[in-house]
Amino acid sequence: MIRAAFSFVRSYFALILVAATFAWSAIAIVSYRARGVPPGAITIRLGHWQLEASVREAIDQMAEEYRRTVNPNVYLIQDAIPEGTYGQWVSTQLMGGTAPDILQVGAMLPGNIWLSYYQRFFVPLTRTVERPNPHNVGTEHEGVPLRKTYKDGMKTAYVDEMQEYMSIPLAQFGSRMFYNKDLLKKLTGLDEPPDEYRAFLDVCEKIRAQQGDDGRFFIPIACSGYHFGMMGGLMWEPLTYRAIEKADFNRDGSVGNDEQFVAFRTGRLDFDFLPYRARFKMIEEMTRYFQSGYTGLTRDEAVFLFAQQKAVFMATGTWDARSLQEQAKGQFNVGVMRYPFPTPEDPFYGPVAPARPREQVGTGFQFGIARTSAHPDVALDFLLFLASRMGNQELNRIIGWIPSIQGTETDPLLRAFEPNIVGIYGAMNFTLGGETVVRWNQLQALYQVNQITYQQFADTYKPFYLERGLLDYMEQSRDWRRGMQRNELFLAGIRARALFSEGAESNTEWIRYRALTASRQVWEELNRSRQLKLMEKGIATNAVGPYEYSPEVLEIVKKNLKRKADQQ
Amino acid sequence: MKYGTTVGTAVCCGLLLVGAMAGCGRKSDISLSPRDALVQGWQNFRLAEYDLATQDFNAALAGAKAGSDEFLQATFGLANVWNLRRPGEDTARAKKLYEQVIEQAPDHDLAAWSTLALARLQHVVPVGHDPDYPAVRAAYRALIEKYPNHLAAKEASIYLNALLISTLETNQLLQAVSNLKAYIESGAREFRAPALSLLAVSYNTLGRQQERLEAEIESFKNVEIDPANPFNEYAWAYWNIATIAEFEVGNFELAREYYRQLIKEYPADIRVFPSKEALARMDRVEAELSAGKKVTR
């Protein structure tokens, strides 16, 4: 008998192993999902990639609060999945029809994949966002449509390709310079670092000149490839703002990669242009105070230097604020400051830094509702609870992030993250495509580590850009034609919706169709034709820029002034 | 390996495969009424499920009476799938289907839309090809003549005039100005704002800046906005009018009005700082001109 059983096991070992593993996982999953949930209760599953303890704790606490104050029959189970595998996990869950009721969306997968998932697997929320949030009763947002209670008007949640709101964002993010308060005091005698650029450089110089107990020199700023871009967005990129005066041909307030190319090709812009020189000069000055080899280091390695008290400053975002505080607990105090920036009085940077950089108010930590949810109404109500004035404030207070809803209070440490919404912004865009981008990145990498000078950078890149850039520009034209075809497809779907709708809805759908047709299918061809004409005309170094006065216009202004004076 | 093990493994694998295949591949519900099949077909079209959309439209076609409204709708739906799906498009088949709609019911709403689709097929050509512009313009003109009051004809009018303007040639621009003025004077409400904007672009190329400014202001007054779209707002329009008034027309008073409007209504817009700079710049320029000084940039 035993022998027969042994023989059976030996013969079918592989199958038995598979079956046993399957049975074990099934039991584990069922018992996990049933944990702490009384029979008959509504269970809502929520999947996300935030493994930070404070996030899980906050969601659990808010679920508890929801049960206590709104619906005692609702229980929430979290599926916290690491970032690295979230994309695969969410794909298998959605395709297998086993997705949690609520899912964090918008990252960890390419945008086009999310778009297809939104279309197939998620509940559109457009109608919800136009209605007041029921959990805002008794607050200043009572009766206000949900989207108007958001700091960014809920732009993050809107999927343009679908013309629908697909998610509920729950937090706002921003980046700042963090610093070790105790080390700063010890090395410089300062309680707070200056945010004026020159004074900040002096502080860095002072730090760099001092050694620790191990005989090693202190590093003023811990950096990595990850941190470099973050700093650039709010330090050296905005210095290029004045380029819009020369290259914003379509006057939309920014410089597109096509406009950048046309401006270079026609001689309106060059690497001699002061704002561009200023950008590179600031990179050169700042990188002096990073640890050597920073370009090859990861985010964690920079954080390690900061946590080990070998560096005084580090750029990072709200998402790291609480964990940095935790790591520093008992060792040093963490401070947060605005990025240093030159004043308009600065002898070199002043002309290109007329104001501090502008920051985008961006929300994230957004969640969608799966179509397969057994309780989509409850899932939505729980999300609305988290997006209410009080709920959002409490959720973010526990996590240590910034609320996304207007009128909420922010943790004192994060007050320094209040965005500066009026200011200057970057206007340099060499991402034309293909080889011009690759070459740009290669040369900039060499410049960052002082292997080439700015002049060498400019002398090498400019001829390459002008020659190869034309191919990239023409390729972009082909993309534009592809885009027109995609728009035809999109508009056919919108038009069908209008054709099938009735009454007031029909009116709205036709307005949408006409507005989208006018904005997407008419202007691109005209813009291209104008740009090609400019390039055909050739070099026009002294041409009047899109935001410059021609002599004729100044003459008219003069006449207007005279007429006004005569009338008085 | 024993025979039994092999058979057992094969059976299990077979079962797994059957199970897996049963779960794969979505099917369209073919038991729907023609109307519901049409609705489902368009839904699948929007989801880029073109095979399912084709099944749905074919089901609607099979269930509908020949020549009926639903029959035409299904033919039109199929034509759109074959025209616009990527990959797997069959524009020749699409053309035939559009032509069928036009032939079977030349006065039907969808005949106008099919005529527009045929014109667009000539205009939106595959990458690497150039449209035959005279033929495209002729197709738009034919549609405008055949269905003068239909929305498809109004849309065609916008495309036709945009094509004329994009040549940047004076004769064509003057033709566009004449067409667009007639369109606006006809009292058409639909596509009125883009028609006025195109008129403004024509005036700009012709160097008639005051008329350009007036056309842009009219366009702004007539703009149609999808109220649910958070990205649709008037900030760009304010900026556009203000900058034309400042840099092309030299009407600083009007420019100030629109810059201020932008700052007030859209305090978080990217153009708020440039608007503040513009207000300061105009004050400075006026002061310099009044003092007889050279204007500094």
# chains A, B, ... in the order shown; residues from 1 in each chain; ligands from 1

$ residues_around --residues "Ala416 (chain A)" --least-positions-apart "2" --cutoff "9 Å" --atoms "only C-alpha atoms" --output "list in words"
Arg176, Val336, Met337, Arg338, Pro412, Leu413, Leu414, Glu418 and Pro419 of chain A

$ residues_around --residues "region 41-50 of chain B" --least-positions-apart "4" --cutoff "9 Å" --atoms "only C-alpha atoms" --output "list in words"
Ser116, Gln119, Arg120, Met162, Leu489, Phe490, Ala492, Gly493, Ile494, Ala496 and Arg497 of chain A; Ser28, Asp36, Ala37, Thr54, Gln55, Asp56, Phe57, Ala60, Ala74, Gly77, Leu78, Asn80, Val81, Trp82, Arg85 and Arg86 of chain B

$ residues_around --residues "region 110-112 of chain B" --least-positions-apart "5" --cutoff "12 Å" --atoms "only C-alpha atoms" --output "MDAnalysis selection string"
(chainID A and resid 495:496 499) or (chainID B and resid 69:77 79:80 97:105 117:119 140 142:156)

$ atom_distance --atom1 "CA of Trp113 (chain B)" --atom2 "CA of Leu491 (chain A)"
12.3 Å

$ closest_residue --among "B:Asp132, B:Pro126, B:Arg260, B:Glu265" --to "chain A" --atoms "only C-alpha atoms"
B:Pro126

$ select_by_dssp --residues "region 34-76 of chain B" --states "alpha helix (DSSP H)" --output "ChimeraX atom specification"
/B:34-46,50-63,69-76

$ write_last_selection --atoms "N, CA, C and O atoms" --output "compact mmCIF listing (two decimals), in the first residue's frame"
# COMPACT_ATOMS: atom_id res chain seq x y z
N PRO B 34 -30.97 45.24 -34.11
CA PRO B 34 -30.07 46.05 -34.96
C PRO B 34 -29.64 47.35 -34.28
O PRO B 34 -28.49 47.75 -34.33
N ARG B 35 -30.57 48.00 -33.60
CA ARG B 35 -30.26 49.27 -32.93
C ARG B 35 -29.19 49.06 -31.84
O ARG B 35 -28.21 49.79 -31.77
N ASP B 36 -29.40 48.03 -31.01
CA ASP B 36 -28.43 47.77 -29.94
C ASP B 36 -27.08 47.32 -30.51
O ASP B 36 -26.03 47.65 -29.96
N ALA B 37 -27.16 46.56 -31.60
CA ALA B 37 -25.90 46.13 -32.23
C ALA B 37 -25.12 47.34 -32.74
O ALA B 37 -23.89 47.38 -32.66
N LEU B 38 -25.85 48.34 -33.25
CA LEU B 38 -25.18 49.56 -33.72
C LEU B 38 -24.50 50.29 -32.57
O LEU B 38 -23.35 50.71 -32.68
N VAL B 39 -25.25 50.41 -31.46
CA VAL B 39 -24.68 51.09 -30.29
C VAL B 39 -23.43 50.35 -29.82
O VAL B 39 -22.38 50.94 -29.55
N GLN B 40 -23.55 49.02 -29.77
CA GLN B 40 -22.40 48.21 -29.32
C GLN B 40 -21.24 48.31 -30.31
O GLN B 40 -20.07 48.33 -29.93
N GLY B 41 -21.59 48.37 -31.60
CA GLY B 41 -20.56 48.48 -32.62
C GLY B 41 -19.73 49.74 -32.45
O GLY B 41 -18.50 49.71 -32.49
N TRP B 42 -20.41 50.86 -32.20
CA TRP B 42 -19.67 52.12 -32.01
C TRP B 42 -18.87 52.10 -30.72
O TRP B 42 -17.78 52.66 -30.65
N GLN B 43 -19.42 51.42 -29.72
CA GLN B 43 -18.67 51.31 -28.45
C GLN B 43 -17.38 50.53 -28.70
O GLN B 43 -16.30 50.93 -28.25
N ASN B 44 -17.50 49.42 -29.42
CA ASN B 44 -16.30 48.63 -29.73
C ASN B 44 -15.35 49.42 -30.64
O ASN B 44 -14.13 49.30 -30.51
N PHE B 45 -15.89 50.21 -31.51
CA PHE B 45 -15.06 51.06 -32.38
C PHE B 45 -14.21 52.01 -31.52
O PHE B 45 -13.01 52.15 -31.73
N ARG B 46 -14.86 52.62 -30.52
CA ARG B 46 -14.14 53.56 -29.65
C ARG B 46 -13.09 52.85 -28.80
O ARG B 46 -12.09 53.43 -28.40
N TYR B 50 -11.80 46.53 -33.35
CA TYR B 50 -12.38 46.67 -34.68
C TYR B 50 -13.05 45.40 -35.20
O TYR B 50 -14.04 45.47 -35.92
N ASP B 51 -12.50 44.24 -34.83
CA ASP B 51 -13.13 42.99 -35.29
C ASP B 51 -14.52 42.87 -34.68
O ASP B 51 -15.47 42.46 -35.35
N LEU B 52 -14.61 43.20 -33.40
CA LEU B 52 -15.91 43.12 -32.73
C LEU B 52 -16.88 44.15 -33.33
O LEU B 52 -18.05 43.85 -33.53
N ALA B 53 -16.35 45.33 -33.61
CA ALA B 53 -17.20 46.37 -34.20
C ALA B 53 -17.72 45.90 -35.55
O ALA B 53 -18.90 46.08 -35.87
N THR B 54 -16.84 45.26 -36.32
CA THR B 54 -17.27 44.75 -37.63
C THR B 54 -18.38 43.71 -37.45
O THR B 54 -19.39 43.75 -38.16
N GLN B 55 -18.18 42.82 -36.48
CA GLN B 55 -19.23 41.80 -36.20
C GLN B 55 -20.55 42.48 -35.86
O GLN B 55 -21.61 42.09 -36.34
N ASP B 56 -20.47 43.49 -35.01
CA ASP B 56 -21.69 44.18 -34.58
C ASP B 56 -22.40 44.86 -35.75
O ASP B 56 -23.61 44.74 -35.90
N PHE B 57 -21.61 45.58 -36.55
CA PHE B 57 -22.23 46.29 -37.67
C PHE B 57 -22.80 45.29 -38.69
O PHE B 57 -23.85 45.52 -39.28
N ASN B 58 -22.07 44.18 -38.88
CA ASN B 58 -22.60 43.15 -39.80
C ASN B 58 -23.89 42.56 -39.25
O ASN B 58 -24.83 42.28 -40.00
N ALA B 59 -23.94 42.36 -37.92
CA ALA B 59 -25.14 41.81 -37.30
C ALA B 59 -26.31 42.79 -37.48
O ALA B 59 -27.43 42.38 -37.79
N ALA B 60 -26.02 44.06 -37.31
CA ALA B 60 -27.07 45.08 -37.48
C ALA B 60 -27.55 45.10 -38.94
O ALA B 60 -28.74 45.19 -39.22
N LEU B 61 -26.58 44.95 -39.84
CA LEU B 61 -26.90 44.94 -41.27
C LEU B 61 -27.80 43.75 -41.60
O LEU B 61 -28.78 43.88 -42.34
N ALA B 62 -27.45 42.59 -41.02
CA ALA B 62 -28.23 41.37 -41.29
C ALA B 62 -29.63 41.47 -40.72
O ALA B 62 -30.59 40.96 -41.30
N GLY B 63 -29.75 42.15 -39.58
CA GLY B 63 -31.06 42.21 -38.91
C GLY B 63 -31.95 43.35 -39.40
O GLY B 63 -33.14 43.37 -39.12
N ASP B 69 -33.23 52.99 -42.00
CA ASP B 69 -32.29 53.86 -41.30
C ASP B 69 -31.17 53.04 -40.65
O ASP B 69 -30.00 53.38 -40.75
N GLU B 70 -31.58 51.94 -40.01
CA GLU B 70 -30.58 51.10 -39.33
C GLU B 70 -29.62 50.45 -40.33
O GLU B 70 -28.44 50.27 -40.04
N PHE B 71 -30.15 50.11 -41.49
CA PHE B 71 -29.32 49.51 -42.55
C PHE B 71 -28.23 50.51 -42.97
O PHE B 71 -27.06 50.17 -43.09
N LEU B 72 -28.65 51.76 -43.16
CA LEU B 72 -27.69 52.80 -43.56
C LEU B 72 -26.68 53.06 -42.45
O LEU B 72 -25.49 53.23 -42.70
N GLN B 73 -27.19 53.08 -41.22
CA GLN B 73 -26.29 53.31 -40.07
C GLN B 73 -25.22 52.21 -40.01
O GLN B 73 -24.06 52.49 -39.75
N ALA B 74 -25.66 50.96 -40.22
CA ALA B 74 -24.72 49.84 -40.15
C ALA B 74 -23.70 49.93 -41.28
O ALA B 74 -22.50 49.70 -41.06
N THR B 75 -24.16 50.29 -42.47
CA THR B 75 -23.23 50.42 -43.61
C THR B 75 -22.21 51.53 -43.33
O THR B 75 -21.01 51.37 -43.57
N PHE B 76 -22.72 52.63 -42.78
CA PHE B 76 -21.84 53.76 -42.45
C PHE B 76 -20.83 53.35 -41.36
O PHE B 76 -19.64 53.68 -41.44

$ atom_distance --atom1 "CA of Thr240 (chain A)" --atom2 "CA of Phe280 (chain A)"
10.0 Å

$ residues_around --residues "Gln442 (chain A)" --least-positions-apart "4" --cutoff "12 Å" --atoms "only C-alpha atoms" --output "PyMOL selection string"
chain A and resi 435-438+446-449+451-452+457+460-461

$ closest_atom_pairs --of "chain A" --to "chain B" --cutoff "7 Å" --atoms "only C-alpha atoms" --output "Markdown table"
| residue | atom | partner | partner_atom | distance |
| --- | --- | --- | --- | --- |
| A:Ser11 | CA | B:Thr5 | CA | 6.1 |
| A:Tyr12 | CA | B:Thr5 | CA | 6.5 |
| A:Gln119 | CA | B:Leu47 | CA | 6.0 |
| A:Arg120 | CA | B:Leu47 | CA | 6.8 |
| A:Gly153 | CA | B:Pro230 | CA | 6.6 |
| A:Lys155 | CA | B:Pro230 | CA | 5.9 |
| A:Asp252 | CA | B:Trp236 | CA | 6.9 |
| A:Gly253 | CA | B:Arg271 | CA | 6.3 |
| A:Ile421 | CA | B:Ala268 | CA | 5.5 |
| A:Val422 | CA | B:Phe273 | CA | 5.6 |
| A:Gly423 | CA | B:Phe273 | CA | 5.4 |
| A:Ile424 | CA | B:Phe273 | CA | 6.8 |
| A:Arg478 | CA | B:Val127 | CA | 5.7 |
| A:Arg481 | CA | B:Val127 | CA | 6.2 |
| A:Arg482 | CA | B:Val127 | CA | 6.5 |
| A:Met484 | CA | B:Val124 | CA | 6.9 |
| A:Gln485 | CA | B:Val124 | CA | 6.4 |
| A:Leu489 | CA | B:Leu84 | CA | 5.6 |
| A:Gly493 | CA | B:Arg46 | CA | 5.6 |
| A:Ala496 | CA | B:Trp42 | CA | 6.9 |
| A:Ile511 | CA | B:Asp226 | CA | 6.5 |
| A:Arg512 | CA | B:Asp226 | CA | 5.3 |
| A:Arg514 | CA | B:Phe191 | CA | 6.7 |
| A:Ala515 | CA | B:Glu224 | CA | 6.1 |
| A:Ala518 | CA | B:Pro194 | CA | 6.2 |
| A:Val522 | CA | B:Ala162 | CA | 6.5 |
| A:Glu525 | CA | B:Ser166 | CA | 6.9 |
| A:Leu526 | CA | B:Ser166 | CA | 4.9 |
| A:Ser529 | CA | B:Ser166 | CA | 5.9 |
| A:Tyr547 | CA | B:Phe247 | CA | 6.7 |
| A:Glu548 | CA | B:Phe247 | CA | 6.6 |
| A:Tyr549 | CA | B:Phe247 | CA | 5.5 |
| A:Val553 | CA | B:Gly250 | CA | 5.3 |
| A:Leu554 | CA | B:Gly250 | CA | 7.0 |
| A:Ile556 | CA | B:Gly250 | CA | 5.8 |
| A:Val557 | CA | B:Gly250 | CA | 5.3 |
| A:Lys558 | CA | B:Leu289 | CA | 6.3 |

$ select_by_dssp --residues "region 324-485 of chain A" --states "strand (DSSP E or B)" --output "list in words"
Val334, Gly335, Val336, Met337, Phe341, Pro357, Gly362, Thr363, Gly364, Phe365, Gln366, Phe367, Gly368, Ile369, Ala370, Ile402, Pro403, Ile405 and Ile424 of chain A

$ write_last_selection --atoms "C-alpha atoms" --output "PDB file, in the first residue's frame"
ATOM      1  CA  VAL A 334      15.424  68.014   8.618  1.00  0.00           C
ATOM      2  CA  GLY A 335      14.618  71.403   7.104  1.00  0.00           C
ATOM      3  CA  VAL A 336      12.969  72.266   3.802  1.00  0.00           C
ATOM      4  CA  MET A 337      13.776  75.305   1.650  1.00  0.00           C
ATOM      5  CA  PHE A 341      17.535  81.242  -7.341  1.00  0.00           C
ATOM      6  CA  PRO A 357      10.403  79.954 -11.283  1.00  0.00           C
ATOM      7  CA  GLY A 362      -0.013  68.915  -9.964  1.00  0.00           C
ATOM      8  CA  THR A 363      -2.077  66.294  -8.197  1.00  0.00           C
ATOM      9  CA  GLY A 364      -1.456  62.561  -8.145  1.00  0.00           C
ATOM     10  CA  PHE A 365      -1.985  59.446  -6.007  1.00  0.00           C
ATOM     11  CA  GLN A 366      -5.034  58.847  -8.182  1.00  0.00           C
ATOM     12  CA  PHE A 367      -7.466  55.951  -8.109  1.00  0.00           C
ATOM     13  CA  GLY A 368      -9.903  54.486 -10.612  1.00  0.00           C
ATOM     14  CA  ILE A 369     -12.781  52.054 -10.161  1.00  0.00           C
ATOM     15  CA  ALA A 370     -12.682  48.719 -11.977  1.00  0.00           C
ATOM     16  CA  ILE A 402      -0.020  67.682   0.668  1.00  0.00           C
ATOM     17  CA  PRO A 403      -3.820  67.509   0.241  1.00  0.00           C
ATOM     18  CA  ILE A 405      -8.415  69.676  -2.170  1.00  0.00           C
ATOM     19  CA  ILE A 424       9.134  82.170 -15.162  1.00  0.00           C
TER      20      ILE A 424
END

$ atom_distance --atom1 "CA of Val129 (chain A)" --atom2 "CA of Gln393 (chain A)"
18.9 Å
